[in-house]
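Report on the following structure.
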Amino acid sequence: MGTAELTLPGDLGSGVGMHALLRELFPLNRSLTGEGVRATLLALGKRLPMEVVETPTGTPIFDWTVPLEWNVREAWIETPDGRRIADFAESNLHLLGYSVPIDATMSLEALRPRLFTHPRDPDLVPYRTAYWAETWGFCLTRRELDSLPAGEYRVHIDTSLKAGALAYGEVRLPGSSDEEFLLTTYVCHPSLANDNLSGVVVLAALAEALQERPRRYTYRLLWSPGTVGPLCWLRRNREQLDRIRHGLVVSCVGDPGGFTYKHSRRGDAEIDSAVAHVLRTSGVEHVLRLWAPLGGDERQFCSPGFDLPVGAFSRTPADEFPEYHSSADNIDFVRPEALEESLAMLLEIVDVLERNETYLNLSPYGEPQLGRRGLYRSVGGGSNVEEALLWVLNLSDGTKSLLDIAVRAGIPFATISDAAEQLAKHGLPQQVS
Ligand code: ZN
């Protein structure tokens with residue numbers, strides 16, 4: 001399970017294209033480190049201009065240290081009647097992540113504390129790791145565990161834990177300004193589809209789409225093993241973090257549930273306002289949450305020393321769907337149409353931030369006469385477009401952005417932005433930032 005079956009780069013713009021990439025990446029044994037992460041980055045690098053950065057084992061990263069690199073050749077248990085169970089070759093979920101090597105024979109009683117089952121469903125294999133403890137173990141279904149006869153079991157784990165490196169991948173897409181938009185996801189889960197690969201493929205599709213567009217912001221898209229990966233990135237970029245204007249941690253974006261957005265630690269960042277506005281005005285089912293220091297890599301980007309304007313964008317958040325961290329989070333659980341809708345939503349958020357400007361009304365004494373300028377289509381029209389003209393004129397005092405105005409008016413950003421452009425053509429408001 002060392003290398004991927006690499007298919008030719010396809011079109012990631014569709015849900016079907018993203019799902020095909022997800023299926024290609026699914027078998028790889030990703031973890032905090034190791035060849036599965038590199039193979040994943042290599043597959044993405046065939047489609048995107050990706051730089052892979054390796055940080056050596058033992059490197060101190062703030063309060064952490066880059067761990068030993070973990071790789072797996074094989075792992076299985078042999079029952080007293082000679083059957084192989086919990087075989088890594090069948091599913092990488094069977095092996096406790098970061099298991100140390102062992103080859104030993106022991107009784108079922110001695111083995112039992114090393115065997116992990118799903119807390120609720122007897123037919124699911126759970127996903128468990130032990131990154132920071134020197135231990136080993138296997139994951140299997142409760143049904144299989146309950147069927148095991150007494151007797152001597154051979155356990156065989158052929159893994160290596162050696163000095164190596166932690167790898168992450170970054171795609172940097174320069175814009176007309178060096179202000180940055182950071183989009184990030186993790187690449188440390190093995191064969192799990194929604195809680196991990198959905199974010200990986202949606203971010204890849206987003207990078208592909210952004211490559212084709214004119215950009216104001218410089219985009220930095222990051223695929224890194226959780227927690228330590230972002231910390232390596234933050235350490236490397238420490239001197240230029242003040243360039244980051246907006247950021248999103250993207251995860252769990254392939255399930256059929258509604259959207260969830262967790263605000264940045266600041267809570268009032270432009271990204272917070274943009275995501276909330278897009279979700280509200282697009283009519284999709286969604287939940288907005290305040291910041292909490294729980295969840296994913298936003299905990300690092302929003303730690304108090306950095307306090308970056310980074311929110312967390314997902315559908316059903318990790319650990320809130322029943323399939324979470326189990327063999328049920330498989331490729332069928334992730335829906336192509338959900339991936340596609342998530343991508344569309346992210347592109348809309350990007351569009352809002354790309355087009356958000358602040359204007360100053362140059363004719364602030366009374367309302368300017370719009371009819372004379374052909375900007376009022378009919379007397380007393382009251383359409384959304386005409387309302388938008390009045391909102392832009394009234395609130396453009398040089399301190400409120402178009403997004404602020406869209407939020408206050410409850411009118412989609414695109415309508416407000418179009419109205420501002422129309423007015424600007426007639427010299428009414430002037431762009432100030
Ligand atoms: Zn997870």
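As shown in the structure tokens, the chain order sets the letters A, B, ...; within each chain, residues go from 1, and ligands are also counted from 1 in the order they appear.
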
So that I can check the secondary structure, give me every residue of stretch 199-417 of chain A assigned strand (DSSP E) by backbone DSSP, as a ChimeraX atom specification.
/A:218-224,244-250,259-262,286-289,310-314,358-361,397-401

Please identify every polymer residue within 7 Å of ligand 1, using only C-alpha atoms and all ligand atoms, and present the set as a list in words.
His189, Asp195, Asn196, Ala318 and His325 of chain A

Could you please take those selected residues and save N, CA, C and O atoms as a compact mmCIF listing (two decimals), in the first residue's frame?
# COMPACT_ATOMS: atom_id res chain seq x y z
N HIS A 189 -5.27 11.36 7.50
CA HIS A 189 -6.15 10.22 7.77
C HIS A 189 -5.97 9.18 6.67
O HIS A 189 -5.91 9.53 5.51
N ASP A 195 -14.18 12.59 6.39
CA ASP A 195 -13.22 13.17 7.33
C ASP A 195 -11.83 12.86 6.82
O ASP A 195 -11.19 11.90 7.23
N ASN A 196 -11.49 13.60 5.91
CA ASN A 196 -10.24 13.92 5.33
C ASN A 196 -10.28 14.10 3.82
O ASN A 196 -10.10 15.21 3.34
N ALA A 318 -16.61 17.20 11.75
CA ALA A 318 -16.01 15.95 12.20
C ALA A 318 -16.58 15.61 13.57
O ALA A 318 -16.88 16.50 14.36
N HIS A 325 -14.79 8.61 11.86
CA HIS A 325 -13.70 7.76 12.35
C HIS A 325 -14.07 6.28 12.41
O HIS A 325 -13.78 5.59 13.39

Helix (DSSP H, G or I) call set, DSSP backbone run, stretch 80-312 of chain A, as a ChimeraX atom specification:
/A:92-94,108-114,142-146,193-211,228-236,238-243,270-281,298-301

Would you list the contacts of stretch 63-80 of chain A as a PyMOL selection string, taking every protein, DNA or RNA residue within 7 Å and counting only C-alpha atoms, but skipping same-chain residues closer than 2 positions in sequence?
chain A and resi 33-35+56-61+82-89+95+98+151-166

Do you know which residues are at most 10 Å from A:Leu423 counting only C-alpha atoms, after dropping those on the same chain fewer than 2 positions away, and could you put them as a PyMOL selection string?
chain A and resi 361+370+373+375+389+392-393+417-421+425-430

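Distances here use only C-alpha atoms; by that measure, the residue among A:Arg23, A:Ser326, A:Leu402, A:Val37 closest to A:Cys139 is A:Ser326.
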
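Between atom CA of A:Leu347 and atom CA of A:Tyr324 there is a distance of 26.4 Å.
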
What's the 12 Å shell around A:Glu170, counting only C-alpha atoms, without same-chain residues fewer than 5 positions away, as number ranges by chain?
A: 41-42, 44-45, 48-54, 182-187, 203-204, 207, 219-224, 229-230, 233

Contacts of A:Ser176 at 8 Å or less, counting only C-alpha atoms, minus same-chain residues fewer than 5 places along, as a count of residues only?
4

Test item: residues at most 10 Å from stretch 287-301 of chain A, only C-alpha atoms, excluding those fewer than 6 positions along its chain, as a PDB file with C-alpha atoms, in the first residue's frame:
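Final output, around_26.pdb:
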ATOM      1  CA  THR A 184      -5.965  24.730   4.239  1.00  0.00           C
ATOM      2  CA  THR A 185      -6.857  21.120   4.963  1.00  0.00           C
ATOM      3  CA  TYR A 186      -5.244  18.097   6.609  1.00  0.00           C
ATOM      4  CA  SER A 224      -0.655  19.225   5.686  1.00  0.00           C
ATOM      5  CA  PRO A 225      -0.819  16.548   8.374  1.00  0.00           C
ATOM      6  CA  GLY A 226      -2.983  17.880  11.218  1.00  0.00           C
ATOM      7  CA  THR A 227      -1.667  20.069  14.055  1.00  0.00           C
ATOM      8  CA  VAL A 228       2.082  19.637  13.541  1.00  0.00           C
ATOM      9  CA  GLY A 229       1.787  20.336   9.789  1.00  0.00           C
ATOM     10  CA  PRO A 230       0.196  23.778  10.220  1.00  0.00           C
ATOM     11  CA  LEU A 231       2.697  24.513  12.985  1.00  0.00           C
ATOM     12  CA  LEU A 234       3.424  28.800  10.586  1.00  0.00           C
ATOM     13  CA  GLY A 247      -8.266  32.106   5.819  1.00  0.00           C
ATOM     14  CA  LEU A 248     -10.406  28.990   5.911  1.00  0.00           C
ATOM     15  CA  VAL A 249      -9.770  25.518   7.241  1.00  0.00           C
ATOM     16  CA  VAL A 250     -11.795  23.253   4.940  1.00  0.00           C
ATOM     17  CA  SER A 251     -12.859  19.799   6.143  1.00  0.00           C
ATOM     18  CA  GLY A 258     -25.970  21.135   5.609  1.00  0.00           C
ATOM     19  CA  PHE A 259     -23.061  23.576   5.952  1.00  0.00           C
ATOM     20  CA  THR A 260     -21.405  24.610   9.201  1.00  0.00           C
ATOM     21  CA  TYR A 261     -19.197  27.639   9.657  1.00  0.00           C
ATOM     22  CA  LYS A 262     -17.244  28.305  12.806  1.00  0.00           C
ATOM     23  CA  HIS A 263     -16.098  31.900  13.149  1.00  0.00           C
ATOM     24  CA  SER A 264     -12.464  32.851  13.581  1.00  0.00           C
ATOM     25  CA  ARG A 265     -11.228  33.609  17.090  1.00  0.00           C
ATOM     26  CA  ARG A 266     -11.587  37.312  16.305  1.00  0.00           C
ATOM     27  CA  GLY A 267     -15.204  36.687  15.367  1.00  0.00           C
ATOM     28  CA  ASP A 272     -16.549  35.636   9.041  1.00  0.00           C
ATOM     29  CA  VAL A 275     -19.046  33.209   4.796  1.00  0.00           C
ATOM     30  CA  ALA A 276     -22.076  34.024   6.927  1.00  0.00           C
ATOM     31  CA  LEU A 279     -24.553  30.940   3.417  1.00  0.00           C
ATOM     32  CA  ARG A 280     -27.504  33.136   4.411  1.00  0.00           C
ATOM     33  CA  ASP A 307      -4.791  35.017  16.002  1.00  0.00           C
ATOM     34  CA  LEU A 308      -5.180  34.880  12.229  1.00  0.00           C
ATOM     35  CA  PRO A 309      -8.515  35.629  10.556  1.00  0.00           C
ATOM     36  CA  VAL A 310      -9.162  31.943   9.856  1.00  0.00           C
ATOM     37  CA  GLY A 311     -12.572  30.271  10.145  1.00  0.00           C
ATOM     38  CA  ALA A 312     -13.589  26.630   9.798  1.00  0.00           C
ATOM     39  CA  PHE A 313     -15.770  25.630   6.858  1.00  0.00           C
ATOM     40  CA  ARG A 315     -20.701  20.462   6.117  1.00  0.00           C
ATOM     41  CA  THR A 316     -21.431  18.224   9.147  1.00  0.00           C
ATOM     42  CA  PRO A 317     -18.368  18.817  11.352  1.00  0.00           C
ATOM     43  CA  ALA A 318     -16.009  15.952  12.201  1.00  0.00           C
ATOM     44  CA  ASP A 319     -17.261  13.785  15.081  1.00  0.00           C
TER      45      ASP A 319
END
